[in-house]
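Accompanying notes for the structure given below.
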Amino acid sequence: MHALGGTGITAYGGLLETGALKNGEQVYVSTAGGAVGSVVSQIAKIKGCYVVGSTGADDKVAWLRDVAGLDAVINYKTQPLGPALEAATPKGIDVYSRMSAAHSWMPPCRA
C-alpha cells in the first residue's frame with residue numbers, strides 16, 4: 001500500500017501537519033532512501049521545496065538524485081554529514097540553527 005498506508009500517513013502527517021511545511025522551503029530528509037523518507041522527499045518536491053536527502057548506499061544516492069529528483073543527496077557513510085550538508089545548501093541559510101530549532105520539540109530518546 002506504500003503511499004496510501006502507514007508509510008504515507010506518517011510522511012504526510014509529519015511533514016505537512018506537524019512540520020507545517022510551506023511551499024518553496026528548504027528540507028533536509030534523513031534516510032531519504034527509506035520508505036517514509038522517500039515519500040517525504042517526493043511530497044516536498046511536489047510543494048516546490050529545495051530537498052537535500054541523505055542515505056547510506058550509493059545505489060540509493062543514484063535513485064534519489066536521478067529518479068526521485070532530489071536537489072542534492074549525501075551518502076553519510078562516505079561523506080562527513082555537516083560539511084556535505086553545508087555544501088549542498090544554498091548560501092545564506094544557517095543550516096545548523098534551523099536543524100536544532102526543528103528538533104527542539106522532540107522528546108529525548110530512551111534506550
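Every chain in the C-alpha cells has a letter given in the order shown (A, B, ...), and although residue numbers restart at 1 in each chain, ligands are simply numbered from 1 in the order shown.
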
TODO: Name the residues of range 64-93 of chain A that come out as helix (DSSP H, G or I) in a backbone DSSP run; write them as a ChimeraX atom specification.
DONE: /A:64-66,81-88

Expected file: the selected residues, all heavy atoms, as a compact mmCIF listing (two decimals), in the first residue's frame:
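Listing of again-v9.txt after writing:
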# COMPACT_ATOMS: atom_id res chain seq x y z
N LEU A 64 17.74 8.47 -5.63
CA LEU A 64 17.21 9.73 -5.10
C LEU A 64 17.53 10.90 -6.02
O LEU A 64 16.69 11.77 -6.23
CB LEU A 64 17.76 9.99 -3.69
CG LEU A 64 17.22 9.08 -2.60
CD1 LEU A 64 18.09 9.20 -1.34
CD2 LEU A 64 15.77 9.40 -2.29
N ARG A 65 18.73 10.92 -6.57
CA ARG A 65 19.14 12.01 -7.45
C ARG A 65 18.49 11.89 -8.83
O ARG A 65 17.91 12.84 -9.34
CB ARG A 65 20.66 12.01 -7.58
CG ARG A 65 21.23 13.15 -8.39
CD ARG A 65 22.73 13.02 -8.61
NE ARG A 65 23.04 11.74 -9.24
CZ ARG A 65 23.83 10.81 -8.69
NH1 ARG A 65 24.40 11.01 -7.53
NH2 ARG A 65 24.06 9.67 -9.33
N ASP A 66 18.57 10.70 -9.44
CA ASP A 66 18.19 10.54 -10.85
C ASP A 66 16.71 10.24 -11.07
O ASP A 66 16.15 10.62 -12.09
CB ASP A 66 19.02 9.43 -11.49
CG ASP A 66 20.51 9.71 -11.40
OD1 ASP A 66 20.90 10.90 -11.29
OD2 ASP A 66 21.31 8.75 -11.44
N LEU A 81 28.76 14.42 7.25
CA LEU A 81 27.44 14.99 7.05
C LEU A 81 27.41 16.51 7.16
O LEU A 81 26.82 17.19 6.31
CB LEU A 81 26.43 14.37 8.03
CG LEU A 81 24.98 14.78 7.84
CD1 LEU A 81 24.51 14.46 6.42
CD2 LEU A 81 24.10 14.09 8.86
N GLY A 82 28.02 17.08 8.18
CA GLY A 82 27.97 18.53 8.38
C GLY A 82 28.50 19.31 7.18
O GLY A 82 27.80 20.13 6.60
N PRO A 83 29.76 19.06 6.78
CA PRO A 83 30.29 19.79 5.62
C PRO A 83 29.54 19.49 4.32
O PRO A 83 29.34 20.39 3.50
CB PRO A 83 31.75 19.30 5.53
CG PRO A 83 32.08 18.84 6.91
CD PRO A 83 30.79 18.29 7.47
N ALA A 84 29.10 18.25 4.13
CA ALA A 84 28.36 17.90 2.92
C ALA A 84 27.01 18.62 2.89
O ALA A 84 26.59 19.11 1.83
CB ALA A 84 28.15 16.39 2.83
N LEU A 85 26.35 18.72 4.02
CA LEU A 85 25.08 19.42 4.09
C LEU A 85 25.27 20.92 3.87
O LEU A 85 24.49 21.55 3.16
CB LEU A 85 24.41 19.16 5.44
CG LEU A 85 23.01 19.72 5.64
CD1 LEU A 85 22.06 19.21 4.56
CD2 LEU A 85 22.49 19.34 7.02
N GLU A 86 26.32 21.46 4.43
CA GLU A 86 26.63 22.88 4.22
C GLU A 86 26.89 23.17 2.75
O GLU A 86 26.40 24.16 2.19
CB GLU A 86 27.84 23.28 5.07
CG GLU A 86 28.01 24.76 5.25
CD GLU A 86 26.95 25.37 6.14
OE1 GLU A 86 26.58 24.79 7.16
OE2 GLU A 86 26.49 26.48 5.78
N ALA A 87 27.62 22.27 2.08
CA ALA A 87 27.93 22.45 0.65
C ALA A 87 26.68 22.29 -0.22
O ALA A 87 26.57 22.93 -1.26
CB ALA A 87 29.01 21.45 0.23
N ALA A 88 25.75 21.44 0.20
CA ALA A 88 24.55 21.16 -0.59
C ALA A 88 23.45 22.19 -0.38
O ALA A 88 22.48 22.23 -1.12
CB ALA A 88 24.01 19.78 -0.22

Compile a residue-level contact table for range 64-94 of chain A against range 34-43 of chain A at a cut-off of 12 Å, reporting for every qualifying residue the shortest atom pair and its distance in Å to one decimal, with only C-alpha atoms counted, rows ordered by chain and ascending number, as a tab-separated table.
residue	atom	partner	partner_atom	distance
A:Leu64	CA	A:Ser38	CA	8.0
A:Arg65	CA	A:Ser41	CA	11.0
A:Val67	CA	A:Gln42	CA	10.4
A:Ala68	CA	A:Gln42	CA	6.8
A:Gly69	CA	A:Gln42	CA	8.2
A:Leu70	CA	A:Ser41	CA	7.3
A:Asp71	CA	A:Ser41	CA	10.1
A:Ala72	CA	A:Ser41	CA	11.2
A:Val73	CA	A:Ser41	CA	11.0

TODO: Write out as an MDAnalysis selection string which residues come within 6 Å of range 27-32 of chain A when counting only C-alpha atoms, dropping same-chain ones fewer than 6 positions away.
DONE: chainID A and resid 38 51:55

Task: Computed interatomic separation between CA of Ile46 in chain A and CA of Thr18 in chain A (Å) - done: 17.8 Å

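CA of Leu21 in chain A is found 8.5 Å from CA of Lys47 in chain A.
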
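For the atom pair formed by CA of Ala44 in chain A and CA of Lys22 in chain A, the distance is 9.0 Å, given to one decimal.
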
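Shortest atom-to-atom contact with Gln26 in chain A among A:Tyr76, A:Cys49, A:Pro90, A:Ala62: A:Cys49, counting only C-alpha atoms.
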
Open item on the list: as number ranges by chain, please: the residues near range 58-61 of chain A (cut-off 8 Å, only C-alpha atoms, same-chain neighbours under 6 positions excluded).
Closed with: A: 33, 73-75
